[in-house]
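Containing mmCIF, C-alpha atoms, pLDDT in the B column; chains and numbers go by the auth columns: work-v9.cif.
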data_run
#
loop_
_atom_site.group_PDB
_atom_site.id
_atom_site.type_symbol
_atom_site.label_atom_id
_atom_site.label_comp_id
_atom_site.label_asym_id
_atom_site.label_seq_id
_atom_site.Cartn_x
_atom_site.Cartn_y
_atom_site.Cartn_z
_atom_site.B_iso_or_equiv
_atom_site.auth_seq_id
_atom_site.auth_asym_id
ATOM 1 C CA ARG A 1 45.571 70.931 41.895 59.00 1 A
ATOM 2 C CA LYS A 2 47.864 69.151 44.336 67.00 2 A
ATOM 3 C CA GLU A 3 49.150 71.250 47.232 86.00 3 A
ATOM 4 C CA VAL A 4 52.775 70.980 46.129 92.00 4 A
ATOM 5 C CA GLU A 5 53.843 69.627 42.765 92.00 5 A
ATOM 6 C CA GLN A 6 57.290 68.863 41.451 93.00 6 A
ATOM 7 C CA ASP A 7 58.591 67.275 38.285 90.00 7 A
ATOM 8 C CA PRO A 8 60.037 63.960 39.558 89.00 8 A
ATOM 9 C CA GLY A 9 62.724 63.857 36.848 89.00 9 A
ATOM 10 C CA PRO A 10 65.279 62.444 36.830 94.00 10 A
ATOM 11 C CA PHE A 11 67.253 65.368 35.522 95.00 11 A
ATOM 12 C CA ASN A 12 70.426 63.908 34.067 97.00 12 A
ATOM 13 C CA VAL A 13 73.098 66.592 33.510 97.00 13 A
ATOM 14 C CA PRO A 14 76.869 66.701 32.960 97.00 14 A
ATOM 15 C CA GLU A 15 79.233 68.215 35.460 98.00 15 A
ATOM 16 C CA GLY A 16 79.391 71.973 35.107 98.00 16 A
ATOM 17 C CA ALA A 17 75.874 72.317 33.756 98.00 17 A
ATOM 18 C CA THR A 18 73.239 74.678 35.084 98.00 18 A
ATOM 19 C CA VAL A 19 69.969 73.041 36.043 97.00 19 A
ATOM 20 C CA ALA A 20 66.698 74.423 37.374 96.00 20 A
ATOM 21 C CA PHE A 21 63.749 72.799 39.112 93.00 21 A
ATOM 22 C CA ASN A 22 60.321 74.262 39.653 93.00 22 A
ATOM 23 C CA CYS A 23 57.789 73.620 42.374 94.00 23 A
ATOM 24 C CA THR A 24 54.185 74.843 42.218 94.00 24 A
ATOM 25 C CA TYR A 25 52.038 75.328 45.304 91.00 25 A
ATOM 26 C CA SER A 26 48.321 75.819 45.732 89.00 26 A
ATOM 27 C CA ASN A 27 48.031 77.771 49.005 83.00 27 A
ATOM 28 C CA SER A 28 48.353 81.429 48.048 81.00 28 A
ATOM 29 C CA ALA A 29 48.582 82.361 51.747 81.00 29 A
ATOM 30 C CA SER A 30 51.927 80.586 52.173 82.00 30 A
ATOM 31 C CA GLN A 31 54.630 83.060 53.099 82.00 31 A
ATOM 32 C CA SER A 32 57.786 80.992 53.268 86.00 32 A
ATOM 33 C CA PHE A 33 59.146 77.984 51.491 91.00 33 A
ATOM 34 C CA PHE A 34 62.047 75.602 51.761 93.00 34 A
ATOM 35 C CA TRP A 35 64.177 73.441 49.547 95.00 35 A
ATOM 36 C CA TYR A 36 65.460 70.269 51.175 96.00 36 A
ATOM 37 C CA ARG A 37 68.035 67.873 49.813 97.00 37 A
ATOM 38 C CA GLN A 38 67.724 64.128 50.343 97.00 38 A
ATOM 39 C CA ASP A 39 70.587 61.788 49.499 96.00 39 A
ATOM 40 C CA CYS A 40 69.919 58.122 48.803 92.00 40 A
ATOM 41 C CA ARG A 41 68.984 56.290 52.026 88.00 41 A
ATOM 42 C CA LYS A 42 69.444 59.455 54.097 95.00 42 A
ATOM 43 C CA GLU A 43 67.182 61.915 55.841 97.00 43 A
ATOM 44 C CA PRO A 44 66.096 65.199 54.174 97.00 44 A
ATOM 45 C CA LYS A 45 68.254 68.158 55.110 96.00 45 A
ATOM 46 C CA LEU A 46 67.549 71.858 54.729 94.00 46 A
ATOM 47 C CA LEU A 47 69.218 73.360 51.681 95.00 47 A
ATOM 48 C CA MET A 48 67.681 76.810 51.383 91.00 48 A
ATOM 49 C CA SER A 49 64.773 78.903 52.555 89.00 49 A
ATOM 50 C CA VAL A 50 62.815 81.436 50.498 88.00 50 A
ATOM 51 C CA TYR A 51 60.891 84.183 52.274 81.00 51 A
ATOM 52 C CA SER A 52 60.647 86.974 49.739 79.00 52 A
ATOM 53 C CA SER A 53 61.637 87.153 46.123 75.00 53 A
ATOM 54 C CA GLY A 54 64.686 84.952 46.374 83.00 54 A
ATOM 55 C CA ASN A 55 67.762 83.695 48.122 88.00 55 A
ATOM 56 C CA GLU A 56 71.253 82.892 46.902 90.00 56 A
ATOM 57 C CA ASP A 57 73.896 80.702 48.528 92.00 57 A
ATOM 58 C CA GLY A 58 76.975 80.043 46.444 96.00 58 A
ATOM 59 C CA ARG A 59 75.996 77.984 43.400 97.00 59 A
ATOM 60 C CA PHE A 60 72.398 77.701 44.553 97.00 60 A
ATOM 61 C CA THR A 61 69.650 80.247 43.937 96.00 61 A
ATOM 62 C CA ALA A 62 66.057 79.882 45.069 95.00 62 A
ATOM 63 C CA GLN A 63 63.412 82.212 43.686 93.00 63 A
ATOM 64 C CA LEU A 64 59.777 82.789 44.511 92.00 64 A
ATOM 65 C CA ASN A 65 57.094 83.891 42.081 91.00 65 A
ATOM 66 C CA ARG A 66 53.986 84.641 44.140 89.00 66 A
ATOM 67 C CA ALA A 67 51.862 85.685 41.169 89.00 67 A
ATOM 68 C CA SER A 68 52.298 82.311 39.504 90.00 68 A
ATOM 69 C CA GLN A 69 52.659 80.419 42.801 91.00 69 A
ATOM 70 C CA TYR A 70 55.891 78.640 42.148 91.00 70 A
ATOM 71 C CA ILE A 71 59.377 78.505 43.563 93.00 71 A
ATOM 72 C CA SER A 72 62.453 77.494 41.671 95.00 72 A
ATOM 73 C CA LEU A 73 65.876 76.152 42.531 96.00 73 A
ATOM 74 C CA LEU A 74 68.785 76.926 40.236 97.00 74 A
ATOM 75 C CA ILE A 75 72.064 75.046 40.545 97.00 75 A
ATOM 76 C CA ARG A 76 75.034 76.452 38.665 98.00 76 A
ATOM 77 C CA ASP A 77 78.264 74.603 37.837 98.00 77 A
ATOM 78 C CA SER A 78 76.810 71.233 38.885 98.00 78 A
ATOM 79 C CA LYS A 79 79.056 68.871 40.825 98.00 79 A
ATOM 80 C CA LEU A 80 78.863 65.083 41.052 98.00 80 A
ATOM 81 C CA SER A 81 78.070 65.582 44.728 97.00 81 A
ATOM 82 C CA ASP A 82 74.908 67.509 43.825 98.00 82 A
ATOM 83 C CA SER A 83 73.287 64.228 42.777 98.00 83 A
ATOM 84 C CA ALA A 84 70.324 63.845 45.116 97.00 84 A
ATOM 85 C CA THR A 85 66.580 64.350 45.373 97.00 85 A
ATOM 86 C CA TYR A 86 65.439 67.916 45.988 97.00 86 A
ATOM 87 C CA LEU A 87 62.244 68.377 47.978 96.00 87 A
ATOM 88 C CA CYS A 88 60.068 71.454 47.898 95.00 88 A
ATOM 89 C CA VAL A 89 58.454 72.153 51.290 93.00 89 A
ATOM 90 C CA VAL A 90 55.687 74.507 52.318 90.00 90 A
ATOM 91 C CA PRO A 91 55.684 75.019 56.119 85.00 91 A
ATOM 92 C CA PRO A 92 52.429 74.945 58.078 80.00 92 A
ATOM 93 C CA SER A 93 50.332 78.074 57.928 75.00 93 A
ATOM 94 C CA GLY A 94 46.816 79.317 58.539 73.00 94 A
ATOM 95 C CA GLY A 95 46.139 77.145 61.558 76.00 95 A
ATOM 96 C CA SER A 96 47.625 73.985 60.080 81.00 96 A
ATOM 97 C CA TYR A 97 50.460 72.212 61.883 85.00 97 A
ATOM 98 C CA ILE A 98 51.455 70.020 58.967 89.00 98 A
ATOM 99 C CA PRO A 99 54.196 70.906 56.478 91.00 99 A
ATOM 100 C CA THR A 100 53.541 69.949 52.886 91.00 100 A
ATOM 101 C CA PHE A 101 56.273 68.114 51.044 93.00 101 A
ATOM 102 C CA GLY A 102 56.598 67.688 47.323 93.00 102 A
ATOM 103 C CA ARG A 103 57.563 64.237 46.100 92.00 103 A
ATOM 104 C CA GLY A 104 60.950 65.520 45.074 94.00 104 A
ATOM 105 C CA THR A 105 62.955 66.024 41.912 96.00 105 A
ATOM 106 C CA SER A 106 65.797 63.608 41.251 96.00 106 A
ATOM 107 C CA LEU A 107 69.066 65.068 39.956 97.00 107 A
ATOM 108 C CA ILE A 108 71.861 62.932 38.532 97.00 108 A
ATOM 109 C CA VAL A 109 75.099 64.706 37.676 98.00 109 A
ATOM 110 C CA HIS A 110 77.427 62.607 35.526 97.00 110 A
ATOM 111 C CA PRO A 111 81.098 63.085 34.598 96.00 111 A
ATOM 112 C CA ASN B 1 74.743 68.711 68.857 67.00 1 B
ATOM 113 C CA ALA B 2 72.267 65.798 68.859 76.00 2 B
ATOM 114 C CA GLY B 3 69.144 67.298 67.214 94.00 3 B
ATOM 115 C CA VAL B 4 66.639 64.504 66.476 97.00 4 B
ATOM 116 C CA THR B 5 67.721 61.012 67.494 97.00 5 B
ATOM 117 C CA GLN B 6 65.980 57.838 66.364 98.00 6 B
ATOM 118 C CA THR B 7 66.515 54.284 67.515 97.00 7 B
ATOM 119 C CA PRO B 8 66.898 51.603 66.317 97.00 8 B
ATOM 120 C CA LYS B 9 68.461 52.356 62.954 97.00 9 B
ATOM 121 C CA PHE B 10 67.679 48.900 61.544 97.00 10 B
ATOM 122 C CA ARG B 11 65.207 46.248 62.644 97.00 11 B
ATOM 123 C CA ILE B 12 63.741 43.071 61.213 97.00 12 B
ATOM 124 C CA LEU B 13 60.356 42.043 62.565 97.00 13 B
ATOM 125 C CA LYS B 14 58.276 38.959 62.022 97.00 14 B
ATOM 126 C CA ILE B 15 54.663 39.323 60.964 97.00 15 B
ATOM 127 C CA GLY B 16 52.481 39.906 63.995 97.00 16 B
ATOM 128 C CA GLN B 17 55.261 41.181 66.255 97.00 17 B
ATOM 129 C CA SER B 18 55.146 44.591 67.862 96.00 18 B
ATOM 130 C CA MET B 19 57.821 47.168 68.431 97.00 19 B
ATOM 131 C CA THR B 20 58.420 50.792 69.310 98.00 20 B
ATOM 132 C CA LEU B 21 60.546 53.228 67.336 98.00 21 B
ATOM 133 C CA GLN B 22 62.055 55.767 69.668 98.00 22 B
ATOM 134 C CA CYS B 23 62.470 59.448 68.821 98.00 23 B
ATOM 135 C CA THR B 24 63.881 62.174 70.999 98.00 24 B
ATOM 136 C CA GLN B 25 64.857 65.773 70.276 97.00 25 B
ATOM 137 C CA ASP B 26 66.873 68.179 72.386 95.00 26 B
ATOM 138 C CA MET B 27 65.850 71.449 70.686 93.00 27 B
ATOM 139 C CA ASN B 28 62.724 72.049 72.810 93.00 28 B
ATOM 140 C CA HIS B 29 60.563 71.909 69.689 93.00 29 B
ATOM 141 C CA ASN B 30 56.817 71.760 70.163 92.00 30 B
ATOM 142 C CA TYR B 31 55.983 70.085 66.874 94.00 31 B
ATOM 143 C CA MET B 32 57.009 66.526 66.162 96.00 32 B
ATOM 144 C CA TYR B 33 56.171 64.242 63.260 97.00 33 B
ATOM 145 C CA TRP B 34 56.497 60.649 62.124 98.00 34 B
ATOM 146 C CA TYR B 35 56.804 59.942 58.415 98.00 35 B
ATOM 147 C CA ARG B 36 57.281 56.804 56.411 97.00 36 B
ATOM 148 C CA GLN B 37 58.963 56.734 53.023 96.00 37 B
ATOM 149 C CA ASP B 38 58.685 53.786 50.684 94.00 38 B
ATOM 150 C CA PRO B 39 61.310 53.263 47.944 89.00 39 B
ATOM 151 C CA GLY B 40 61.084 55.922 45.250 86.00 40 B
ATOM 152 C CA MET B 41 58.171 57.606 46.944 90.00 41 B
ATOM 153 C CA GLY B 42 57.574 60.781 48.883 91.00 42 B
ATOM 154 C CA LEU B 43 57.136 61.235 52.614 95.00 43 B
ATOM 155 C CA LYS B 44 53.816 60.195 54.105 96.00 44 B
ATOM 156 C CA LEU B 45 52.734 61.573 57.474 97.00 45 B
ATOM 157 C CA ILE B 46 51.742 58.925 60.000 98.00 46 B
ATOM 158 C CA TYR B 47 51.128 60.933 63.188 98.00 47 B
ATOM 159 C CA TYR B 48 52.064 64.330 64.514 97.00 48 B
ATOM 160 C CA SER B 49 52.083 66.191 67.800 97.00 49 B
ATOM 161 C CA VAL B 50 51.930 69.893 68.594 94.00 50 B
ATOM 162 C CA GLY B 51 53.002 69.516 72.212 94.00 51 B
ATOM 163 C CA ALA B 52 53.166 67.182 75.171 95.00 52 B
ATOM 164 C CA GLY B 53 49.905 65.313 75.603 95.00 53 B
ATOM 165 C CA ILE B 54 48.585 66.255 72.146 96.00 54 B
ATOM 166 C CA THR B 55 48.741 63.911 69.153 97.00 55 B
ATOM 167 C CA ASP B 56 46.792 63.606 65.937 97.00 56 B
ATOM 168 C CA LYS B 57 46.557 61.325 62.933 97.00 57 B
ATOM 169 C CA GLY B 58 48.259 62.053 59.673 96.00 58 B
ATOM 170 C CA GLU B 59 47.691 60.580 56.248 95.00 59 B
ATOM 171 C CA VAL B 60 48.503 56.912 57.013 97.00 60 B
ATOM 172 C CA PRO B 61 47.905 56.190 60.735 98.00 61 B
ATOM 173 C CA ASN B 62 46.478 52.668 60.489 96.00 62 B
ATOM 174 C CA GLY B 63 48.612 50.087 62.267 96.00 63 B
ATOM 175 C CA TYR B 64 50.484 52.679 64.341 98.00 64 B
ATOM 176 C CA ASN B 65 50.120 54.468 67.638 97.00 65 B
ATOM 177 C CA VAL B 66 51.996 57.327 69.266 98.00 66 B
ATOM 178 C CA SER B 67 52.270 59.060 72.588 97.00 67 B
ATOM 179 C CA ARG B 68 53.814 62.357 73.675 98.00 68 B
ATOM 180 C CA SER B 69 54.329 62.412 77.411 97.00 69 B
ATOM 181 C CA THR B 70 57.208 64.906 77.256 97.00 70 B
ATOM 182 C CA THR B 71 58.328 67.627 74.861 96.00 71 B
ATOM 183 C CA GLU B 72 61.447 65.622 74.018 97.00 72 B
ATOM 184 C CA ASP B 73 60.058 62.174 73.218 98.00 73 B
ATOM 185 C CA PHE B 74 57.653 60.975 70.539 98.00 74 B
ATOM 186 C CA PRO B 75 57.722 57.166 70.233 98.00 75 B
ATOM 187 C CA LEU B 76 55.937 55.339 67.414 98.00 76 B
ATOM 188 C CA ARG B 77 54.386 51.971 68.237 98.00 77 B
ATOM 189 C CA LEU B 78 53.748 49.309 65.612 96.00 78 B
ATOM 190 C CA GLU B 79 51.205 46.721 66.690 90.00 79 B
ATOM 191 C CA LEU B 80 50.859 43.445 64.795 94.00 80 B
ATOM 192 C CA ALA B 81 53.493 44.194 62.180 96.00 81 B
ATOM 193 C CA ALA B 82 52.569 43.510 58.545 97.00 82 B
ATOM 194 C CA PRO B 83 54.761 43.329 55.417 96.00 83 B
ATOM 195 C CA SER B 84 53.122 46.552 54.196 96.00 84 B
ATOM 196 C CA GLN B 85 54.858 48.331 57.071 97.00 85 B
ATOM 197 C CA THR B 86 58.280 47.582 55.599 97.00 86 B
ATOM 198 C CA SER B 87 59.635 51.073 55.048 97.00 87 B
ATOM 199 C CA VAL B 88 62.024 53.691 56.333 97.00 88 B
ATOM 200 C CA TYR B 89 60.614 55.799 59.133 98.00 89 B
ATOM 201 C CA PHE B 90 61.683 59.386 59.793 98.00 90 B
ATOM 202 C CA CYS B 91 60.969 61.348 62.920 98.00 91 B
ATOM 203 C CA ALA B 92 61.070 65.131 62.607 97.00 92 B
ATOM 204 C CA SER B 93 60.610 68.186 64.774 96.00 93 B
ATOM 205 C CA SER B 94 60.072 71.867 64.196 92.00 94 B
ATOM 206 C CA TYR B 95 59.307 75.135 65.958 83.00 95 B
ATOM 207 C CA PRO B 96 57.077 77.833 64.524 74.00 96 B
ATOM 208 C CA THR B 97 58.586 81.248 63.937 69.00 97 B
ATOM 209 C CA ALA B 98 57.389 84.309 62.056 63.00 98 B
ATOM 210 C CA SER B 99 59.478 83.293 59.056 61.00 99 B
ATOM 211 C CA GLY B 100 58.332 79.690 58.965 68.00 100 B
ATOM 212 C CA ASN B 101 59.164 76.320 60.472 77.00 101 B
ATOM 213 C CA THR B 102 62.502 74.735 59.734 86.00 102 B
ATOM 214 C CA ILE B 103 61.975 70.993 60.002 92.00 103 B
ATOM 215 C CA TYR B 104 64.747 68.791 61.392 94.00 104 B
ATOM 216 C CA PHE B 105 64.822 65.097 60.655 97.00 105 B
ATOM 217 C CA GLY B 106 66.312 62.137 62.435 97.00 106 B
ATOM 218 C CA GLU B 107 68.544 59.767 60.475 97.00 107 B
ATOM 219 C CA GLY B 108 65.763 57.271 59.904 97.00 108 B
ATOM 220 C CA SER B 109 64.824 53.791 61.071 98.00 109 B
ATOM 221 C CA TRP B 110 64.830 51.009 58.454 97.00 110 B
ATOM 222 C CA LEU B 111 62.177 48.419 59.244 97.00 111 B
ATOM 223 C CA THR B 112 61.670 45.124 57.440 97.00 112 B
ATOM 224 C CA VAL B 113 58.693 42.904 58.238 97.00 113 B
ATOM 225 C CA VAL B 114 59.059 39.286 57.104 96.00 114 B
#
Can you dump the structure from the file as structure tokens?
Amino acid sequence: RKEVEQDPGPFNVPEGATVAFNCTYSNSASQSFFWYRQDCRKEPKLLMSVYSSGNEDGRFTAQLNRASQYISLLIRDSKLSDSATYLCVVPPSGGSYIPTFGRGTSLIVHP
Amino acid sequence: NAGVTQTPKFRILKIGQSMTLQCTQDMNHNYMYWYRQDPGMGLKLIYYSVGAGITDKGEVPNGYNVSRSTTEDFPLRLELAAPSQTSVYFCASSYPTASGNTIYFGEGSWLTVV
């Protein structure tokens, strides 16, 4: 099993739709997780962090399921500007200094 | 409000030339990283550093070298550039806390080797 796995998509949704992405991770000792957003030809930027069961910020909700070792990102009322690649990130832990990045899930929101 | 600064933003190199990508951060972060990202692909770790004077190889170190003489600076050196090194390069930094490491990225350096 890869350390962090994401469905690459693309997810193609109309404006106003609700869309959810999952990310599975292999290290059961991981305590915190991040979702990053990467626009085309730009650097990744932090979108949300998940430390316990979940986190909500406006239209975005991140949830953590430790038993099944996955985190999810839910986007409600999608906007055209939400079109981007969403990266799942597991920070370093257990003596490692290297964060683990998923390959990203591509979202395209169309009119 | 600089964060992580990379220079140059764009560069074209000829095969066999050498160059250094500069990276500096003003957040006093211990951890710094260099990634490359090819079109449509994920981030690949080239080198990382956990503090001044300490560097280590990542997933794809061949053809690159780094140094970390200060906490702020983490330059990436390309020796004998090859077309396979055409990519976008991201420098990043982070600081460990009890709740995890938020990773901050520079804006990227686009390198083309012809």
On this file, the PyMOL selection byres ((chain A) within 9 of (chain B)) gives some set of residues; write that set as a VMD selection string.
chain A and resid 31 to 34 41 to 46 49 51 87 90 to 93 97 to 99 101 to 104
As an NGL selection string, please: the residues near region 19-24 of chain A (cut-off 12 Å, only C-alpha atoms, same-chain neighbours under 6 positions excluded).
:A and (1-13 or 30 or 33-35 or 59-79 or 82-83 or 85-90 or 100-109)
Excluding Tyr64 (chain B) and residues on its chain fewer than 5 positions from it, collect all residues at most 8 Å away from it, counting only C-alpha atoms, and give them as a ChimeraX atom specification.
/B:46,76-79
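Here CA of Tyr36 (chain A) and CA of Arg11 (chain B) stand 26.6 Å from one another.
With CA of Thr5 (chain B) on one side and CA of Ser69 (chain B) on the other, the separation reads 16.7 Å.
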Pairwise distance for CA of Pro111 (chain A) and CA of Ala17 (chain A), rounded to one decimal in Å
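CA of Pro111 (chain A) sits 10.6 Å away from CA of Ala17 (chain A).
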Please define a box with edges along x, y and z of the file around all atoms of region 3-14 of chain A given in the file, extend it by 5 Å on each side, and return its centre and edge lengths in Å to one decimal, as JSON.
{"center_x": 63.0, "center_y": 66.8, "center_z": 40.1, "size_x": 37.7, "size_y": 18.8, "size_z": 24.3}
Matched chain/residue IDs from the PyMOL selection byres ((chain B and resi 73) around 9), as a list in words:
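Evaluating the PyMOL selection byres ((chain B and resi 73) around 9) on this file yields Gln22, Cys23, Thr24, Gln25, Met32, Ala52, Ser67, Arg68, Ser69, Thr70, Thr71, Glu72, Phe74 and Pro75 of chain B.
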Target residues per the PyMOL selection byres ((chain B and resi 14) around 9), formatted as JSON, numbers by chain
{"B": [12, 13, 15, 16, 17, 18, 81, 82, 83, 112, 113, 114]}
